[in-house]
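Since the structure comes first, as structure tokens, the remarks are kept for the end.
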Amino acid sequence: MSEYRKPLPQIEPYSQAFWDGTRNNKLLVQTCTDCEARIFFPRKQCPECWSSNLDWIEASGKAEIYAFSVTYEGVEAAFKEDLPIVLAWVDLPEGIRMQTNIIDCDPDSVAIGQQVEVVFRSVTDEITLPYFKPVA
Amino acid sequence: MSLAIIGIAEVPTKRDPERTRWDMLTEVCIGAIRDAGIDKDDIEAVISVNPMAQAQMALDMALGRVPEVLGLKGCKDICVLNAGGTSTTNCLRLAKYFIDNKQAKFVLVPHTTVQSDIPTEELINFFATAPLDPQWEYPYGVTFNGAMGLITNRYMHDTGATPEQMASVTVSLRGWGALDPNSIFYGKPVTLEDVLESRMISTPLHAKECNFLADGAGAMVVTSHEIAQEMGKPAAYELGHGVRFTGATPVLRDDPYFIKAYRESSQDALEQANMSIDDMDLRQIYGAYPFTQCSALEGYGVCELGEAAALWADGRCGPGGDLPCTTMGDATGRGHTGSGVSMAFYLDTVRQLRGEAGERQVPNCNHALITTSGGSVMNAATTIFGSAPR
């Protein structure tokens with residue numbers, strides 16, 4: 001694998017499990033065992049009830065596009081080889097919305113409301129980023 | 001509780017690294033104090049707008065260089081405040097506290113920014129990392145333009161606003177800028193075709209709908225309503241103020257294009273002023289991206305959700321329109337000077353209320369509403385100003 005030059009997520013202690021999950025091709029959603037909140041992004045304490053009793057559920061990997069934007073220019077040098085980049089906000093049925101990229105698609109075919117599914121891409125030994133692609 | 005802006009100065013927005021931060025800062029501070037008609041030693045506090053991505057200048061301001069360089073012998077206190085694009089708003093709020101508590105009669109609020117000596121790559125990085133999340137957004141190649149493209153895309157989906165209507169916002173903003181000697185686009189209007197045919201940056205945003213980073217500086221002298229009235233000078237009197245926080249991270253916001261924040265902050269401000277949105281002669285919206293010029297009008301209740309883009313397309317909000325908005329031009333129509341955009345918004349509002357806005361002057365402009373925002377619109381801070389106290 002060639003050296004990965006793009007910015008890597010700055011992992012915090014309470015998000016380590018999320019990134020351990022993606023490394024094992026699992027998309028995990030943090031949950032509060034006291035108030036049942038679904039939490040994104042992962043935190044040290046539940047933002048709803050401040051409970052420290054937090055756990056993880058495995059997401060189905062399905063999602064729906066809430067918003068997208070196809071970037072053609074204006075990125076840092078490390079991202080230039082990826083242009084155009086399809087940025088998207090996707091809604092997971094597990095109750096969270098997250099930022100991702102839609103990959104393996106024609107950028108012109110991406111639409112709000114489109115059904116997508118998670119794709120894991122290992123970028124370093126430690127980090128696997130969850131992307132999404134249109135459901136076939 | 002009262003605040004009046006009695007002195008202003010600004011240098012034209014440009015990209016010119018020959019103009020240093022301190023050159024411009026000195027010029028606008030002296031200019032604002034002279035415009036206020038007071039002695040330099042009457043300034044009892046200096047509350048500076050944090051210059052973004054300029055660490056040394058921020059430290060200079062935080063550690064007291066401004067009153068020392070200017071020889072402000074009456075200065076009792078200093079502070080630098082950082083809330084991104086709402087830094088200037090916070091400076092005014094702290095100034096009001098000093099004035100209300102008799103700690104200062106006159107407060108100087110300065111800003112300076114040079115971005116033309118910072119490499120483009122560094123600026124892209126700064127604007128991608130400062131207001132966006134380094135763990136959950138930045139690794140996906142999200143830029144500031146990209147984040148705003150995402151929001152614009154959803155806004156257009158929900159409201160049915162067309163690309164032509166959205167482009168018309170930029171045509172109007174550049175129309176104001178073309179008439180403004182302080183705009184980097186002075187004398188340079190654009191057509192609908194110019195906007196729609198400019199390069200696509202992050203859909204649906206074309207190059208001319210994105211921000212052009214530039215250099216600028218401005219300063220204000222503020223005092224109480226009572227002192228401003230005694231001095232008998234034309235001034236901008238604050239009549240009401242309200243703020244709502246929307247959230248730090250764009251993807252997580254429940255109010256994606258800030259309708260609720262615009263509505264509630266303006267309602268608070270108007271209620272304090274005992275006025276309604278229909279009483280406003282001018283609406284100044286600092287959102288830095290064209291969709292905010294629409295969603296703000298919808299939030300204020302000027303029109304229903306989905307109707308604002310047509311108001312811009314019909315030319316009602318631009319030069320010569322019956323619903324003038326954002327005569328300052330916003331960042332897209334004037335050049336983006338970092339945290340200086342909000343400074344320039346207040347300065348332009350003062351000019352309008354004093355009848356000094358030249359070709360952009362709104363007729364009989366006695367009441368203006370201004371909304372500023374920081375970060376990637378983490379908040380909406382709305383203030384009502386009048387040409388007289390109530």
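In the structure tokens, chains take the letters A, B, ... in the order shown, each chain's residues start at 1, and ligands count up from 1 in the order shown.
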| request: Can you check which residues of chain B have any atom within 10 Å of chain A? Use only C-alpha atoms and format it as an MDAnalysis selection string. | output: chainID B and resid 120:125 128 133:155 157 199:205 207 249:253
Show which residues sit within 12 Å of Ser265 in chain B, as a short mmCIF file (atom, residue, chain, number, x, y, z; two decimals) with N, CA and C atoms, in the first residue's frame. Count only C-alpha atoms, and ignore same-chain residues fewer than 2 positions away.
```
data_model
loop_
_atom_site.label_atom_id
_atom_site.label_comp_id
_atom_site.auth_asym_id
_atom_site.auth_seq_id
_atom_site.Cartn_x
_atom_site.Cartn_y
_atom_site.Cartn_z
N GLY B 240 -31.95 46.52 19.94
CA GLY B 240 -32.33 45.17 20.36
C GLY B 240 -31.32 44.16 19.84
N HIS B 241 -31.25 43.01 20.52
CA HIS B 241 -30.23 42.03 20.16
C HIS B 241 -30.67 40.64 20.58
N GLY B 242 -30.44 39.65 19.72
CA GLY B 242 -30.77 38.27 20.07
C GLY B 242 -29.83 37.31 19.36
N VAL B 243 -29.56 36.16 19.98
CA VAL B 243 -28.63 35.19 19.40
C VAL B 243 -29.18 33.79 19.58
N ARG B 244 -28.91 32.94 18.61
CA ARG B 244 -29.16 31.51 18.78
C ARG B 244 -27.95 30.73 18.29
N PHE B 245 -27.61 29.69 19.02
CA PHE B 245 -26.54 28.76 18.66
C PHE B 245 -27.16 27.65 17.81
N THR B 246 -26.48 27.25 16.73
CA THR B 246 -27.03 26.18 15.89
C THR B 246 -26.27 24.87 16.04
N PHE B 258 -30.63 27.02 9.10
CA PHE B 258 -30.67 28.07 10.14
C PHE B 258 -31.97 28.87 10.22
N ILE B 259 -33.04 28.33 9.65
CA ILE B 259 -34.33 29.04 9.69
C ILE B 259 -34.72 29.40 11.13
N LYS B 260 -34.59 28.40 12.01
CA LYS B 260 -35.02 28.60 13.40
C LYS B 260 -34.13 29.64 14.09
N ALA B 261 -32.83 29.57 13.83
CA ALA B 261 -31.91 30.52 14.46
C ALA B 261 -32.16 31.94 13.96
N TYR B 262 -32.42 32.08 12.65
CA TYR B 262 -32.74 33.41 12.12
C TYR B 262 -34.05 33.91 12.72
N ARG B 263 -35.04 33.01 12.81
CA ARG B 263 -36.35 33.43 13.32
C ARG B 263 -36.24 33.86 14.78
N GLN B 267 -36.56 37.56 16.37
CA GLN B 267 -37.73 37.84 17.22
C GLN B 267 -37.30 38.46 18.55
N ASP B 268 -36.23 37.91 19.13
CA ASP B 268 -35.73 38.48 20.39
C ASP B 268 -35.32 39.93 20.20
N ALA B 269 -34.57 40.18 19.12
CA ALA B 269 -34.05 41.53 18.88
C ALA B 269 -35.19 42.51 18.61
N LEU B 270 -36.15 42.07 17.78
CA LEU B 270 -37.28 42.96 17.43
C LEU B 270 -38.17 43.23 18.64
N GLU B 271 -38.32 42.21 19.47
CA GLU B 271 -39.15 42.38 20.67
C GLU B 271 -38.53 43.44 21.60
N GLN B 272 -37.21 43.36 21.79
CA GLN B 272 -36.54 44.36 22.63
C GLN B 272 -36.69 45.76 22.04
N ILE B 277 -40.58 43.09 11.88
CA ILE B 277 -39.67 42.96 10.74
C ILE B 277 -40.08 43.93 9.62
N ALA B 296 -32.41 33.37 5.58
CA ALA B 296 -32.57 34.40 6.61
C ALA B 296 -33.89 35.14 6.42
N GLY B 299 -36.53 32.96 7.60
CA GLY B 299 -36.52 32.88 9.06
C GLY B 299 -37.08 34.14 9.71
N TYR B 300 -36.71 35.29 9.18
CA TYR B 300 -37.20 36.56 9.75
C TYR B 300 -38.72 36.69 9.62
N GLY B 301 -39.28 35.94 8.64
CA GLY B 301 -40.71 36.09 8.38
C GLY B 301 -41.01 37.14 7.33
N LEU B 369 -31.75 45.84 10.39
CA LEU B 369 -31.52 44.59 11.10
C LEU B 369 -30.26 43.97 10.52
N ILE B 370 -29.39 43.48 11.39
CA ILE B 370 -28.15 42.86 10.91
C ILE B 370 -27.94 41.54 11.63
N THR B 371 -27.67 40.49 10.85
CA THR B 371 -27.36 39.18 11.44
C THR B 371 -25.94 38.79 11.05
N THR B 372 -25.14 38.43 12.05
CA THR B 372 -23.80 37.91 11.81
C THR B 372 -23.76 36.44 12.25
N SER B 373 -22.76 35.72 11.72
CA SER B 373 -22.62 34.31 12.08
C SER B 373 -21.14 33.97 12.18
N ASN B 379 -23.90 30.03 14.72
CA ASN B 379 -24.85 30.87 15.45
C ASN B 379 -25.41 31.93 14.51
N ALA B 380 -26.48 32.54 14.94
CA ALA B 380 -27.02 33.71 14.25
C ALA B 380 -27.23 34.77 15.31
N ALA B 381 -26.53 35.90 15.15
CA ALA B 381 -26.59 36.99 16.13
C ALA B 381 -27.22 38.19 15.45
N THR B 382 -28.42 38.53 15.88
CA THR B 382 -29.20 39.57 15.18
C THR B 382 -29.33 40.81 16.05
N THR B 383 -29.05 41.96 15.45
CA THR B 383 -29.10 43.23 16.16
C THR B 383 -29.94 44.21 15.35
N ILE B 384 -30.74 45.01 16.06
CA ILE B 384 -31.50 46.09 15.43
C ILE B 384 -30.79 47.40 15.76
#
```
| query | Skipping near chain neighbours, those fewer than 4 positions away, what residues fall within 7 Å of range 52-54 of chain A using only C-alpha atoms, listed as number ranges by chain? | reply | A: 30-34, 44-46
| Out of range 63-230 of chain B, which residues get alpha helix (DSSP H) from DSSP, as an MDAnalysis selection string? | chainID B and resid 65:70 87:100 120:129 144:159 163:178 192:197 225:230
| task | May I have all residues of chain A that DSSP, computed from the backbone, assigns to strand (DSSP E), given as JSON, numbers by chain? | result | {"A": [28, 29, 30, 31, 32, 38, 39, 54, 55, 56, 57, 58, 62, 63, 64, 65, 66, 67, 68, 69, 70, 71, 85, 86, 87, 88, 89, 90, 91, 97, 98, 99, 100, 101, 115, 116, 117, 118, 119, 120, 121, 122, 128, 129, 130, 131, 132, 133, 134]}
| remark: Shortest contact to Glu68 in chain B, candidates B:Val46, B:Ala388, B:Val171, B:Cys317, atoms counted only C-alpha atoms, goes to B:Val46
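Counting only C-alpha atoms, range 181-198 of chain B has the following residues at most 8 Å away, ignoring those fewer than 2 positions along the same chain: Glu10, Val11, Pro12, Thr13, Lys14, Pro163, Glu164, Ala167, Ser168, Thr170, Val171, Arg174, Gly175, Gly177, Ala178, Leu179, Met200, His206, Ala207, Lys208, Glu209, Gly329, Gly333, Arg334 and Gly335 of chain B.
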| Leaving out Val29 in chain A and any residue of its chain fewer than 3 positions from it, which residues lie within 9 Å of it when counting only C-alpha atoms, given as a VMD selection string? | chain A and resid 18 38 to 42 55 to 59 94 to 96
